[in-house]
Amino acid sequence: MPERNKLSRYAVIFEDLKAGDIMSTRVVEIAADKKIAHAKELMKIKKISGMPVVDENRRLVGIISIEDIIHALEFNTINDPIRRIMSPEVVTLRRDDPLPAVVDKFESYKFGRFPVVDDDGRVCGIITKEDILHGILEKFNLIYIHDQKRTSTLDTEYSSITGEKLNAGQANFHYRIDSGDIDAAGSGAAMLKQFLAGKNFHNDIVRRVGVATYEAETNVVIHSKGQGDIYFYQDEDRFIVRVVDNGVGIEDLDKAMKEGYSTAPDHIRERGFGAGMGIANMKRFADKLVILSEKGAGTQVEMIFYLPTQTWPLI
Amino acid sequence: MIKVRDIVALLDAEVLSGENKLDEEVKSVGASDMISDILALTQPGMVVLTGYTYPQVIRSALVTDLLGLVVVRGKNVAPETIAYARENNFLLLRTRGYLYSSCGKIYSLGLRGADAGKE
């Protein structure tokens, strides 16, 4: 089945998701009178393949994509103003457009992104297919993999949230969890926090990473009966923490999600664990959380923490 | 402004670790024996009263930037716990008072918990 038909079939289930809920608010936009070369540089730095073009009042007047830039390079017009080559007819979304309408736009037009505009025609967000995936995953919060696709999901080197490649060997921080030692539980999170504390990040994000990782790590120690690892990746605008184990997996996800529910044995509870707040705390402190688990095969927790938003200067 | 030393005096507490924090301001207070609750509820400048004395509690307190912990009922604190707190210059107090009474005394100083203003 083609991908877009699938998208629209599932879109109905998420009707109450609005464009405003799933859009990315970190929009990189560019002024129409700047040179195409500027757009090229900005897209390269920001690793994006297109962006909205705005006038001096930051109102949306067009969109420029990587194809336009290739074209400009080909015809040696890279120093022309963006206004000359941008697509002036932009298909836009509104904050309160429901998800099926958003998916519809992706199906009807072959564009990679749609700006979300407010009443004044200013861009308040942008939606790519990645944002739709985020929105849906966030709604689920938890995905249970119960078929035989484990090798393509649990063992994957690709982020289950963003799809980007996460190579364990290139993690900025790695900790091997000793799941036999309850006294050492949380050491990895404490070390990760220390690792970040020396790097001049905002206290709040360091603390959030510490707490959420602590919960994920202690879950591995208490429940997995397997081998676990913490991987930390630092990206330009976000941190990704991945905690994986090859243990018993989560038996009942719905229950595990419930605050106050715990399967921790008494000797663990005596030590102050087993409040049944582990997943709740991960959810509370991470910006995005996805848990993949298969009974008997292990669990993978992936969390994203966005660095404080920067407002990009209009260049 | 209520300082750590005010709490120490009020509860007639011993300072097991973090002597240099006595002049820091205590902004809010909590009480829990569950690590996840401590992790979830911590606010800046918060002190938590607990009956829990494993080294584990220090680690979780450090992860969440807790200002300090008060062990109640004069419980025995393992040397490892004190050593770990000292290594990390973490404020660890101990009082003979019970959890409920100690909380009540601190509350009467005017300090509130993490739910203040949420009701």
# chains A, B, ... in the order shown; residues from 1 in each chain; ligands from 1

call {"tool": "residues_around", "arguments": {"residues": "A:Gly169", "least_positions_apart": "3", "cutoff": "12 Å", "atoms": "only C-alpha atoms", "output": "list in words"}}
result
Glu157, Lys165, Leu166, Asn172, Phe173, His174, Tyr175, Tyr231, Phe232 and Tyr233 of chain A

call {"tool": "residues_around", "arguments": {"residues": "B:Met46", "least_positions_apart": "5", "cutoff": "6 Å", "atoms": "only C-alpha atoms", "output": "PyMOL selection string"}}
result
chain B and resi 27-29+66-67

call {"tool": "residues_around", "arguments": {"residues": "B:Arg96", "least_positions_apart": "3", "cutoff": "9 Å", "atoms": "only C-alpha atoms", "output": "ChimeraX atom specification"}}
result
/B:11-13,71-75

call {"tool": "write_last_selection", "arguments": {"atoms": "C-alpha atoms", "output": "compact mmCIF listing (two decimals), in the first residue's frame"}}
result
# COMPACT_ATOMS: atom_id res chain seq x y z
CA LEU B 11 14.60 20.58 64.60
CA ASP B 12 17.66 20.42 66.83
CA ALA B 13 19.30 18.61 63.92
CA VAL B 71 16.62 12.17 58.01
CA VAL B 72 13.92 11.85 60.70
CA ARG B 73 13.47 9.76 63.88
CA GLY B 74 17.20 9.80 64.51
CA LYS B 75 17.62 6.89 62.12

call {"tool": "residues_around", "arguments": {"residues": "B:Tyr84", "least_positions_apart": "6", "cutoff": "12 Å", "atoms": "only C-alpha atoms", "output": "count of residues only"}}
result
18

call {"tool": "residues_around", "arguments": {"residues": "B:Leu41", "least_positions_apart": "4", "cutoff": "12 Å", "atoms": "only C-alpha atoms", "output": "PyMOL selection string"}}
result
(chain A and resi 211+277+281+284-285) or (chain B and resi 28-32+34-37+45-48+61+64-66+113-116)

call {"tool": "write_last_selection", "arguments": {"atoms": "N, CA and C atoms", "output": "mmCIF file, in the first residue's frame"}}
result
data_model
loop_
_atom_site.group_PDB
_atom_site.id
_atom_site.type_symbol
_atom_site.label_atom_id
_atom_site.label_comp_id
_atom_site.auth_asym_id
_atom_site.auth_seq_id
_atom_site.Cartn_x
_atom_site.Cartn_y
_atom_site.Cartn_z
ATOM 1 N N VAL A 211 16.968 13.439 35.760
ATOM 2 C CA VAL A 211 15.834 12.757 36.393
ATOM 3 C C VAL A 211 15.241 11.683 35.471
ATOM 4 N N MET A 277 6.105 5.590 39.541
ATOM 5 C CA MET A 277 6.142 6.916 38.918
ATOM 6 C C MET A 277 7.201 6.993 37.827
ATOM 7 N N ASN A 281 7.366 10.020 35.383
ATOM 8 C CA ASN A 281 8.432 11.013 35.519
ATOM 9 C C ASN A 281 9.193 11.217 34.210
ATOM 10 N N ARG A 284 7.092 13.382 32.197
ATOM 11 C CA ARG A 284 7.052 14.734 32.724
ATOM 12 C C ARG A 284 8.314 15.521 32.376
ATOM 13 N N PHE A 285 9.457 14.861 32.399
ATOM 14 C CA PHE A 285 10.708 15.604 32.261
ATOM 15 C C PHE A 285 11.306 15.602 30.854
ATOM 16 N N SER B 28 11.309 25.802 49.739
ATOM 17 C CA SER B 28 10.138 24.952 49.928
ATOM 18 C C SER B 28 10.571 23.624 50.536
ATOM 19 N N VAL B 29 9.589 22.859 51.002
ATOM 20 C CA VAL B 29 9.881 21.645 51.762
ATOM 21 C C VAL B 29 8.966 20.515 51.305
ATOM 22 N N GLY B 30 9.500 19.302 51.356
ATOM 23 C CA GLY B 30 8.670 18.152 51.030
ATOM 24 C C GLY B 30 8.996 17.013 51.978
ATOM 25 N N ALA B 31 8.194 15.949 51.917
ATOM 26 C CA ALA B 31 8.474 14.776 52.736
ATOM 27 C C ALA B 31 8.092 13.544 51.938
ATOM 28 N N SER B 32 9.025 12.601 51.796
ATOM 29 C CA SER B 32 8.714 11.391 51.057
ATOM 30 C C SER B 32 9.755 10.311 51.312
ATOM 31 N N MET B 34 9.740 7.868 48.924
ATOM 32 C CA MET B 34 9.822 7.289 47.591
ATOM 33 C C MET B 34 10.715 8.148 46.711
ATOM 34 N N ILE B 35 11.708 7.498 46.107
ATOM 35 C CA ILE B 35 12.659 8.227 45.286
ATOM 36 C C ILE B 35 11.983 8.951 44.129
ATOM 37 N N SER B 36 11.050 8.264 43.470
ATOM 38 C CA SER B 36 10.409 8.884 42.315
ATOM 39 C C SER B 36 9.618 10.133 42.697
ATOM 40 N N ASP B 37 9.045 10.128 43.899
ATOM 41 C CA ASP B 37 8.318 11.317 44.345
ATOM 42 C C ASP B 37 9.276 12.474 44.544
ATOM 43 N N GLY B 45 15.722 25.156 45.667
ATOM 44 C CA GLY B 45 15.801 25.503 47.087
ATOM 45 C C GLY B 45 14.942 24.641 47.977
ATOM 46 N N MET B 46 14.738 23.389 47.592
ATOM 47 C CA MET B 46 13.847 22.523 48.353
ATOM 48 C C MET B 46 14.624 21.569 49.266
ATOM 49 N N VAL B 47 14.065 21.384 50.473
ATOM 50 C CA VAL B 47 14.607 20.427 51.423
ATOM 51 C C VAL B 47 13.552 19.336 51.604
ATOM 52 N N VAL B 48 13.989 18.074 51.650
ATOM 53 C CA VAL B 48 13.034 16.976 51.787
ATOM 54 C C VAL B 48 13.310 16.189 53.075
ATOM 55 N N ALA B 61 18.887 12.674 44.953
ATOM 56 C CA ALA B 61 18.804 14.082 45.343
ATOM 57 C C ALA B 61 19.776 14.923 44.507
ATOM 58 N N THR B 64 18.480 15.525 40.962
ATOM 59 C CA THR B 64 17.393 16.494 40.811
ATOM 60 C C THR B 64 17.681 17.855 41.454
ATOM 61 N N ASP B 65 18.946 18.086 41.835
ATOM 62 C CA ASP B 65 19.350 19.383 42.393
ATOM 63 C C ASP B 65 18.593 19.770 43.655
ATOM 64 N N LEU B 66 18.351 18.800 44.493
ATOM 65 C CA LEU B 66 17.722 19.079 45.784
ATOM 66 C C LEU B 66 18.704 19.870 46.652
ATOM 67 N N GLY B 113 4.901 23.535 50.715
ATOM 68 C CA GLY B 113 5.368 22.428 49.882
ATOM 69 C C GLY B 113 5.235 22.703 48.398
ATOM 70 N N ALA B 114 5.539 21.660 47.603
ATOM 71 C CA ALA B 114 5.535 21.796 46.144
ATOM 72 C C ALA B 114 4.130 22.040 45.596
ATOM 73 N N ASP B 115 3.095 21.751 46.402
ATOM 74 C CA ASP B 115 1.728 21.947 45.919
ATOM 75 C C ASP B 115 1.185 23.329 46.263
ATOM 76 N N ALA B 116 1.998 24.160 46.911
ATOM 77 C CA ALA B 116 1.521 25.486 47.310
ATOM 78 C C ALA B 116 1.031 26.258 46.099
#

call {"tool": "closest_atom_pairs", "arguments": {"of": "chain A", "to": "chain B", "cutoff": "7 Å", "atoms": "only C-alpha atoms", "output": "JSON lines"}}
result
{"residue": "A:Asp183", "atom": "CA", "partner": "B:Gln56", "partner_atom": "CA", "distance": 6.6}
{"residue": "A:Gly186", "atom": "CA", "partner": "B:Arg59", "partner_atom": "CA", "distance": 6.9}
{"residue": "A:Ala190", "atom": "CA", "partner": "B:Val63", "partner_atom": "CA", "distance": 5.7}
{"residue": "A:Lys193", "atom": "CA", "partner": "B:Val63", "partner_atom": "CA", "distance": 6.8}
{"residue": "A:Arg207", "atom": "CA", "partner": "B:Thr64", "partner_atom": "CA", "distance": 5.6}
{"residue": "A:Gly210", "atom": "CA", "partner": "B:Val63", "partner_atom": "CA", "distance": 5.3}
{"residue": "A:Val211", "atom": "CA", "partner": "B:Thr64", "partner_atom": "CA", "distance": 6.0}
{"residue": "A:Arg271", "atom": "CA", "partner": "B:Tyr54", "partner_atom": "CA", "distance": 6.9}
{"residue": "A:Gly272", "atom": "CA", "partner": "B:Met34", "partner_atom": "CA", "distance": 4.5}
{"residue": "A:Phe273", "atom": "CA", "partner": "B:Ile35", "partner_atom": "CA", "distance": 5.9}
{"residue": "A:Ala275", "atom": "CA", "partner": "B:Met34", "partner_atom": "CA", "distance": 6.0}
{"residue": "A:Met277", "atom": "CA", "partner": "B:Ser36", "partner_atom": "CA", "distance": 5.8}
{"residue": "A:Gly278", "atom": "CA", "partner": "B:Ser36", "partner_atom": "CA", "distance": 6.6}
{"residue": "A:Asn281", "atom": "CA", "partner": "B:Ala40", "partner_atom": "CA", "distance": 6.2}

call {"tool": "select_by_dssp", "arguments": {"residues": "chain B", "states": "strand (DSSP E or B)", "output": "list in words"}}
result
Lys3, Glu14, Val15, Leu16, Ser17, Glu25, Ser28, Val29, Gly30, Ala31, Met46, Val47, Val48, Leu49, Thr50, Gly68, Leu69, Val70, Val71, Leu91, Leu92, Leu93 and Arg94 of chain B

call {"tool": "atom_distance", "arguments": {"atom1": "atom CA of A:Ser49", "atom2": "atom CA of A:Thr77"}}
result
18.7 Å

call {"tool": "atom_distance", "arguments": {"atom1": "atom CA of B:Gly68", "atom2": "atom CA of B:Ala85"}}
result
9.9 Å

call {"tool": "atom_distance", "arguments": {"atom1": "atom CA of B:Glu19", "atom2": "atom CA of B:Glu80"}}
result
17.8 Å
